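> My questions all concern the structure below.
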Amino acid sequence: MTISYPGGPLRGHLRLTGSKSIANRALLIRALTPGGFAIHGMAAADDTVRLQQLLVSGEDVLDCGPAGTTYRFLTGYLCRRRGTQLLTGSQRMKERPIGILVEALRTLGANIEYAEKEGYPPLRIGYSALDRSDRVSIAADTSSQYISSLLMLAPTLPTGLKLTLEGEIVSLPYIKMTLALMEYFGVHHHWEGQTIVVNPQYYQARDFTVEADWSAASYYYSLAALSESADLRIDGLFADSLQGDAVVHKLYEEFGVTTTFTEKGIHLHKPAGTEPPALFEHNFVECPDIAQTLMATCAGLGVQGLYSGLQTLFIKETDRVKAMKTELGKLGVSLYKIPSRMTEKTGINYFAQEGRADFAAGTPRFATYHDHRMAMSLAPLALLHPVALEDPAVVNKSYPDFYRDLTTLGLTARED
Ligand SMILES: O=C(O)C1=C[C@@H](OP(=O)(O)O)[C@@H](O)[C@H](O)C1
Ligand SMILES: C=C(OP(=O)(O)O)C(=O)O
């Protein structure tokens, strides 16, 4: 698919899809709530549709495809479901580690076996009362999704759960999102140092509305930053959000994109003649999903990037740093790890980005690596020059209406 833009100020008004992270938590909690409840504004994401289907499926083999939260949340949930199921996924899912969650669940008494490779999906999960222990320590430095999976199950366990987080905590806002949703549905917790304590409780049924997706909003911030001037309204996004990716509205202030919060959502504004910063520096450990968006913006504007907190990106839908390095390299922009001997004093792993996207070779053809965020983060470069995306349907994972929404802003998305 080739995306292009005729030029001129960027204007438009849209409503984004619901957050898949919030929708998937609401679905999992609903499955644990006596009586159930209505969920409004459900995410259209494939990952969410898949979780909805798998939660009611009577099949022996449950295939999560490429959906990480779906896989991790079901790993915990299925431990208490009668029968034995094989929980599997895409080829990439079989390369995304699950051992930390499996070990934690086994400490509780879970009946889980690796069906192929030790430490990785697929898993054969049988029923267990999960009554061997109510204390677990878990490494928090790999994926917060393991922790969210355990937390949502915690109030339904015979004596609750005391979950101790070990080491650096990655993606903390997603853990807070889980705890906030549990609170919404009447389940309380408290922290004792690094330990989250959840006593046995019942989820209370309450109608629920899913917030619009701030991670998806990041692509519109990038479009605004890359435009000569922009005036965009996006409904359903609010400052007081459960999503850590809402931080995107602060990050883009550095690029001259300001956000006004209204009763309906946000209003993005970028005045003509705004100069981009020389350098953009950020630690993405709390918002890993918007790292690619900022990399593409910086490439388009020729802003030097200094990034940290990217250590979880290599186990996502693809190795995202490697993939961005290759694709931005097609435009003459370099992305590289700063040698550790140069960052010894800070102890931080930095990545640096240099160069301005050069389109002299014509329309670049970007590979998308089975990663929706590769397609969506690179598409905004179309404001500068037409860009072609391979396997454009990859966006369905979280945002099936992405191209339709781009066209409402005056971009053209043409099938090749
Ligand atoms: O819990 C969630 O909804 C998510 C947590 C994050 O994953 P990690 O905790 O693996 O970083 C994030 O990257 C993912 O898109 C969604
Ligand atoms: C990492 C992501 O998803 P998941 O881990 O749920 O596959 C994402 O949506 O960027």
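Simple scheme: letters A, B, ... for chains in structure tokens order, numbers from 1 for residues in each chain, numbers from 1 for ligands in the order shown.
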Could you pull out all residues of stretch 331-384 of chain A with a DSSP call of helix (DSSP H, G or I) and give them as a list in words?

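The helix (DSSP H, G or I) subset of stretch 331-384 of chain A is Ser340, Arg341, Met342, His372, Arg373, Met374, Ala375, Met376, Ser377, Leu378, Ala379, Pro380, Leu381, Ala382 and Leu383 of chain A.
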
> Could you please extract the residues within 10 Å of ligand 1, counting only C-alpha atoms and all ligand atoms, and hand them back as a VMD selection string?

chain A and resid 19 to 25 67 to 70 72 to 73 96 to 97 140 to 149 169 to 178 215 243 to 245 285 to 290 310 to 313 315 to 317 373 398

> Filtering to C-alpha atoms, could you give me those residues as a compact mmCIF listing (two decimals), in the first residue's frame?


# COMPACT_ATOMS: atom_id res chain seq x y z
CA SER A 19 -7.62 0.71 23.87
CA LYS A 20 -6.80 -2.98 23.39
CA SER A 21 -4.96 -3.07 26.71
CA ILE A 22 -8.01 -1.82 28.60
CA ALA A 23 -10.47 -3.92 26.59
CA ASN A 24 -8.47 -7.11 27.16
CA ARG A 25 -8.37 -6.52 30.91
CA ALA A 67 -1.54 -11.37 20.56
CA GLY A 68 0.77 -11.03 23.58
CA THR A 69 -1.67 -9.82 26.25
CA THR A 70 -4.24 -12.36 25.04
CA ARG A 72 -0.31 -14.05 28.80
CA PHE A 73 -3.73 -13.27 30.33
CA ARG A 96 8.32 -14.64 23.00
CA PRO A 97 9.32 -15.92 26.48
CA ALA A 140 9.59 -7.66 36.82
CA ASP A 141 12.23 -6.76 34.23
CA THR A 142 10.94 -8.70 31.22
CA SER A 143 7.19 -8.13 30.73
CA SER A 144 4.54 -6.56 32.96
CA GLN A 145 1.97 -8.76 31.23
CA TYR A 146 3.00 -11.72 33.44
CA ILE A 147 2.29 -9.61 36.52
CA SER A 148 -1.07 -8.38 35.19
CA SER A 149 -2.08 -11.97 34.44
CA ILE A 169 10.04 -2.90 36.90
CA VAL A 170 9.31 -2.44 33.19
CA SER A 171 6.02 -1.10 31.80
CA LEU A 172 4.82 -0.04 35.28
CA PRO A 173 1.82 1.98 33.99
CA TYR A 174 0.36 -1.28 32.64
CA ILE A 175 0.54 -2.83 36.13
CA LYS A 176 -1.17 0.27 37.52
CA MET A 177 -3.80 0.01 34.78
CA THR A 178 -4.54 -3.57 35.88
CA SER A 215 -0.99 4.42 21.74
CA GLN A 243 -2.96 4.49 29.87
CA GLY A 244 0.71 5.32 30.38
CA ASP A 245 0.97 6.16 26.68
CA VAL A 285 10.66 2.04 29.96
CA GLU A 286 7.15 3.14 30.95
CA CYS A 287 5.81 3.61 27.40
CA PRO A 288 7.57 1.08 25.13
CA ASP A 289 4.83 1.03 22.49
CA ILE A 290 5.37 4.64 21.41
CA LEU A 310 14.26 0.07 25.03
CA GLN A 311 15.32 -3.26 26.57
CA THR A 312 11.92 -4.95 26.17
CA LEU A 313 11.50 -4.04 22.52
CA ILE A 315 10.73 -9.53 22.51
CA LYS A 316 7.69 -7.76 21.11
CA GLU A 317 5.95 -8.51 17.76
CA ARG A 373 3.51 -0.59 15.06
CA SER A 398 -4.70 -3.18 17.30

> So which one's closest to A:Val197, A:Thr363, A:Ser227, A:Ser222, A:Thr164? Using only C-alpha atoms, please.

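The answer is A:Thr164, which sits nearest to A:Val197.
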
> Can you pull out every residue within 10 Å of A:Thr33, counting only C-alpha atoms, but drop anything in the same chain fewer than 6 positions away, and send it as JSON, numbers by chain?

{"A": [27, 156, 185, 202, 203, 204, 205, 206]}

> Those same residues - C-alpha atoms - I'd like them written as a PDB file, in the first residue's frame.


ATOM      1  CA  LEU A  27     -12.796  -9.043  29.106  1.00  0.00           C
ATOM      2  CA  THR A 156     -10.213 -15.591  43.003  1.00  0.00           C
ATOM      3  CA  PHE A 185     -14.667  -3.765  39.712  1.00  0.00           C
ATOM      4  CA  TYR A 202     -15.318 -11.121  44.390  1.00  0.00           C
ATOM      5  CA  TYR A 203     -15.295  -8.864  41.359  1.00  0.00           C
ATOM      6  CA  GLN A 204     -18.455  -6.727  41.356  1.00  0.00           C
ATOM      7  CA  ALA A 205     -20.343  -6.446  38.058  1.00  0.00           C
ATOM      8  CA  ARG A 206     -20.516  -2.820  36.770  1.00  0.00           C
TER       9      ARG A 206
END

> Determine the nearest neighbour of ligand 2 from the options A:Tyr127, A:Arg320, A:Glu59, A:Ser4, counting only C-alpha atoms and all ligand atoms.

A:Arg320

> Please, which residues in stretch 149-217 of chain A fall within 10 Å of stretch 7-16 of chain A when counting only C-alpha atoms, and what is the closest atom pair and distance in Å to one decimal for each, ordered by chain then residue number, as JSON lines?


{"residue": "A:Glu211", "atom": "CA", "partner": "A:Leu16", "partner_atom": "CA", "distance": 9.3}
{"residue": "A:Ala212", "atom": "CA", "partner": "A:Leu16", "partner_atom": "CA", "distance": 5.7}
{"residue": "A:Asp213", "atom": "CA", "partner": "A:Leu16", "partner_atom": "CA", "distance": 6.5}
{"residue": "A:Trp214", "atom": "CA", "partner": "A:Leu16", "partner_atom": "CA", "distance": 8.7}
{"residue": "A:Ala216", "atom": "CA", "partner": "A:Leu16", "partner_atom": "CA", "distance": 7.4}
{"residue": "A:Ala217", "atom": "CA", "partner": "A:Leu16", "partner_atom": "CA", "distance": 7.5}

> With distances taken over only C-alpha atoms and all ligand atoms, which of A:Asp134, A:Ile29, A:Ser90, A:Lys397 is nearest to ligand 2?

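Among A:Asp134, A:Ile29, A:Ser90, A:Lys397, it is A:Lys397 that comes nearest to ligand 2.
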
> From the options A:Leu157, A:Leu331, A:Leu406, A:Cys79, which residue's atoms come nearest to A:Ile125, counting only C-alpha atoms?

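The answer is A:Cys79, which sits nearest to A:Ile125.
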
> Go through A:Phe284, A:Ala104, A:Lys162, A:Ser137 one by one, measure the shortest atom-to-atom distance of each to A:Val247 using only C-alpha atoms, and give the residue with the smallest value.

A:Phe284

> Counting only C-alpha atoms, which residue out of A:Ser308, A:Thr2, A:Ser340, A:Thr260 sits closest to A:Glu281?

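Among A:Ser308, A:Thr2, A:Ser340, A:Thr260, it is A:Ser308 that comes nearest to A:Glu281.
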